[in-house]
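Text of upload.txt (compact mmCIF, C-alpha atoms) as supplied:
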# COMPACT_ATOMS: atom_id res chain seq x y z
CA MET X 11 40.89 122.52 135.25
CA ARG X 12 40.73 118.84 134.41
CA GLY X 13 41.33 116.03 136.84
CA PRO X 14 44.42 113.83 136.92
CA LEU X 15 44.77 111.43 133.99
CA CYS X 16 46.91 108.42 133.38
CA ALA X 17 49.78 108.97 130.91
CA SER X 18 47.98 107.12 128.12
CA CYS X 19 44.81 109.24 128.39
CA ASN X 20 46.82 112.43 128.76
CA THR X 21 48.72 111.70 125.54
CA PHE X 22 45.56 110.75 123.66
CA GLU X 23 43.69 113.89 124.82
CA GLY X 24 45.41 116.08 122.24
CA LYS X 25 45.35 113.68 119.31
CA SER X 26 41.69 113.65 118.28
CA SER X 27 38.30 115.15 118.93
CA ALA X 28 36.18 113.28 121.45
CA HIS X 29 33.43 112.72 118.88
CA SER X 30 35.76 111.17 116.27
CA PHE X 31 37.51 109.05 118.92
CA LEU X 32 34.23 107.48 120.00
CA ARG X 33 33.00 106.92 116.44
CA ASP X 34 35.78 104.36 115.95
CA LYS X 35 34.81 101.86 118.66
CA GLU X 36 37.69 99.52 117.90
CA SER X 37 40.28 102.25 118.37
CA SER X 38 38.50 103.48 121.49
CA ALA X 39 38.43 100.04 123.05
CA LEU X 40 42.07 99.36 122.21
CA HIS X 41 42.99 102.63 123.89
CA LEU X 42 40.97 101.63 126.94
CA LEU X 43 42.83 98.35 127.15
CA GLU X 44 46.08 100.34 127.42
CA CYS X 45 44.72 102.69 130.10
CA ARG X 46 44.68 100.93 133.44
CA GLY X 47 42.69 103.66 135.21
CA CYS X 48 39.91 103.79 132.60
CA LEU X 49 39.82 100.02 132.34
CA GLU X 50 39.55 99.43 136.09
CA GLN X 51 36.85 102.07 136.49
CA ARG X 52 35.07 101.06 133.24
CA THR X 53 34.94 104.71 132.16
CA LEU X 54 36.44 107.32 129.85
CA PRO X 55 37.99 110.70 130.62
CA SER X 56 35.24 113.25 131.32
CA ARG X 57 35.63 115.12 128.03
CA TYR X 58 34.25 112.05 126.25
CA HIS X 59 31.01 111.95 128.26
CA ALA X 60 29.32 114.80 126.35
CA ALA X 61 30.52 113.35 123.04
CA LEU X 62 29.00 109.99 123.87
CA ALA X 63 25.72 111.66 124.87
CA ARG X 64 25.80 113.43 121.49
CA ILE X 65 26.30 110.16 119.62
CA HIS X 66 23.35 108.71 121.54
CA LEU X 67 21.17 111.71 120.61
CA GLU X 68 22.25 111.50 116.96
CA ALA X 69 20.83 107.98 116.90
CA THR X 70 17.67 108.60 118.91
CA GLU X 71 16.57 112.25 118.93
CA ARG X 72 14.18 113.51 116.24
CA HIS X 73 11.71 116.39 116.17
CA VAL X 74 8.05 115.93 115.28
CA ILE X 75 6.64 117.51 112.13
CA ARG X 76 2.96 117.09 111.26
CA SER X 77 2.53 114.37 113.91
CA ARG X 78 5.44 112.33 112.47
CA ARG X 79 9.01 111.96 113.58
CA CYS X 80 11.51 113.50 111.19
CA ARG X 81 13.79 110.88 109.63
CA ARG X 82 16.78 113.21 109.38
CA GLU X 83 19.61 113.26 111.91
CA PRO X 84 19.62 116.55 113.83
CA TRP X 85 22.34 119.16 113.47
CA PHE X 86 24.15 119.99 116.73
CA GLU X 87 24.57 123.71 117.24
CA GLY X 88 26.21 123.55 120.65
CA VAL X 89 26.45 121.94 124.07
CA GLU X 90 26.95 123.29 127.55
CA LEU X 91 27.11 121.80 131.01
CA ASP X 92 24.33 123.40 133.04
CA HIS X 93 23.06 122.25 136.48
CA ASP X 94 24.38 118.68 136.24
CA ALA X 95 23.12 118.17 132.68
CA TYR X 96 24.56 118.52 129.19
CA ARG X 97 22.20 120.81 127.24
CA PHE X 98 22.37 120.26 123.51
CA GLU X 99 21.04 122.78 121.01
CA LEU X 100 19.71 120.91 117.99
CA SER X 101 18.19 121.90 114.68
CA CYS X 102 16.75 120.41 111.52
CA TRP X 103 17.63 122.35 108.40
CA TRP X 104 14.97 120.57 106.37
CA HIS X 105 12.11 121.74 108.57
CA ASP X 106 13.62 124.89 110.10
CA ALA X 107 13.11 123.42 113.59
CA ARG X 108 15.17 124.20 116.68
CA TRP X 109 15.02 122.57 120.10
CA THR X 110 17.13 121.68 123.14
CA LYS X 111 17.66 118.31 124.74
CA ALA X 112 19.22 117.67 128.14
CA VAL X 113 21.18 114.58 129.13
CA THR X 114 22.01 114.45 132.83
CA VAL X 115 25.55 113.77 133.98
CA VAL X 116 24.29 110.52 135.53
CA GLU X 117 22.66 109.44 132.23
CA ALA X 118 25.87 110.30 130.36
CA ALA X 119 27.90 108.21 132.84
CA MET X 120 25.56 105.26 132.22
CA LEU X 121 26.01 105.68 128.45
CA VAL X 122 29.79 105.69 128.96
CA ARG X 123 29.60 102.51 131.05
CA GLU X 124 27.47 100.77 128.37
CA PHE X 125 29.89 101.91 125.67
CA VAL X 126 32.88 100.53 127.57
CA ASP X 127 31.11 97.26 128.38
CA GLN X 128 30.23 96.77 124.68
CA ALA X 129 33.50 97.98 123.20
CA LEU X 130 36.02 96.11 125.33
CA PRO X 131 34.99 92.53 124.52
CA ALA X 132 34.90 93.40 120.81
CA ALA X 133 38.50 94.68 120.91
CA GLN X 134 40.03 91.84 122.89
CA PRO X 135 41.58 89.15 120.73
CA THR X 136 39.87 85.80 120.84
CA ALA X 137 41.77 83.38 123.01
CA VAL X 138 42.96 80.34 121.14
CA VAL X 139 42.78 77.23 123.25
CA PRO X 140 45.10 74.49 122.02
CA ALA X 141 43.44 71.21 121.16
CA PRO X 142 44.13 68.29 123.47
CA ARG X 143 47.05 66.17 122.37
CA ALA X 144 46.38 62.76 120.95
CA ALA X 145 48.13 59.79 122.59
CA SER X 146 50.42 59.44 119.56
CA ASP X 147 51.53 63.09 119.91
CA THR X 148 52.85 62.54 123.41
CA PRO X 149 56.62 62.05 123.47
CA SER X 150 57.62 58.65 124.80
CA SER X 151 60.76 57.88 126.67
CA ALA X 152 62.29 55.07 124.70
Encoding of this model in structure tokens:
Amino acid sequence: MRGPLCASCNTFEGKSSAHSFLRDKESSALHLLECRGCLEQRTLPSRYHAALARIHLEATERHVIRSRRCRREPWFEGVELDHDAYRFELSCWWHDARWTKAVTVVEAAMLVREFVDQALPAAQPTAVVPAPRAASDTPSSA
């Protein structure tokens, strides 16, 4: 059973996969700006935590082959929540390698916080400050 969600998050839950939602940072941040609960807590609904941990692993995790790191992005076979950690099953088709990587719930929450902190400023429109008026622009009472 999932926890209570704001109306905006509840509606968005069924519209996309968590992984694809987070891939489009602009869309994600705009959604966060509409969701008061997520915005105030600087977080995302819990289903996005594992997806964000996966995106982090896609960018950072590589297996070692002949004392070198493989350059290829790993293939994700599955994920499960086990003892306060997301356990990812990864593989490399090129080298027939398989391994698991754990990301704790606390680490995933920190990744979510970093994502929100980076995404929100990028999605907010730049404030336009009007230039000061010149003396000749000021209406005079004649």
Range 55-72 of chain X environment, 8 Å, all atoms listed in the file, sequence neighbours closer than 4 positions dropped, as an MDAnalysis selection string: chainID X and resid 15 19 28:29 32 48 79:84 96 98 113 118:119 121:122
Point-to-point distance in Å for CA of Ala95 in chain X and CA of Gly47 in chain X: 24.5 Å
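CA of Val126 in chain X is found 6.5 Å from CA of Thr53 in chain X.
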Would you compute an axis-aligned box for range 56-64 of chain X, covering every atom listed for it in the file with 5 Å of margin on each side, and report centre and edge lengths in Å to one decimal as AutoDock Vina command-line options?
--center_x 30.7 --center_y 112.6 --center_z 126.4 --size_x 19.9 --size_y 15.1 --size_z 19.8
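We find CA of Ala129 in chain X and CA of Glu87 in chain X to be spaced 27.9 Å apart.
The closest residue to Gln51 in chain X, picked from X:Leu130, X:Arg123, X:Asp106, X:Phe86 and counting all atoms listed in the file, is X:Arg123.
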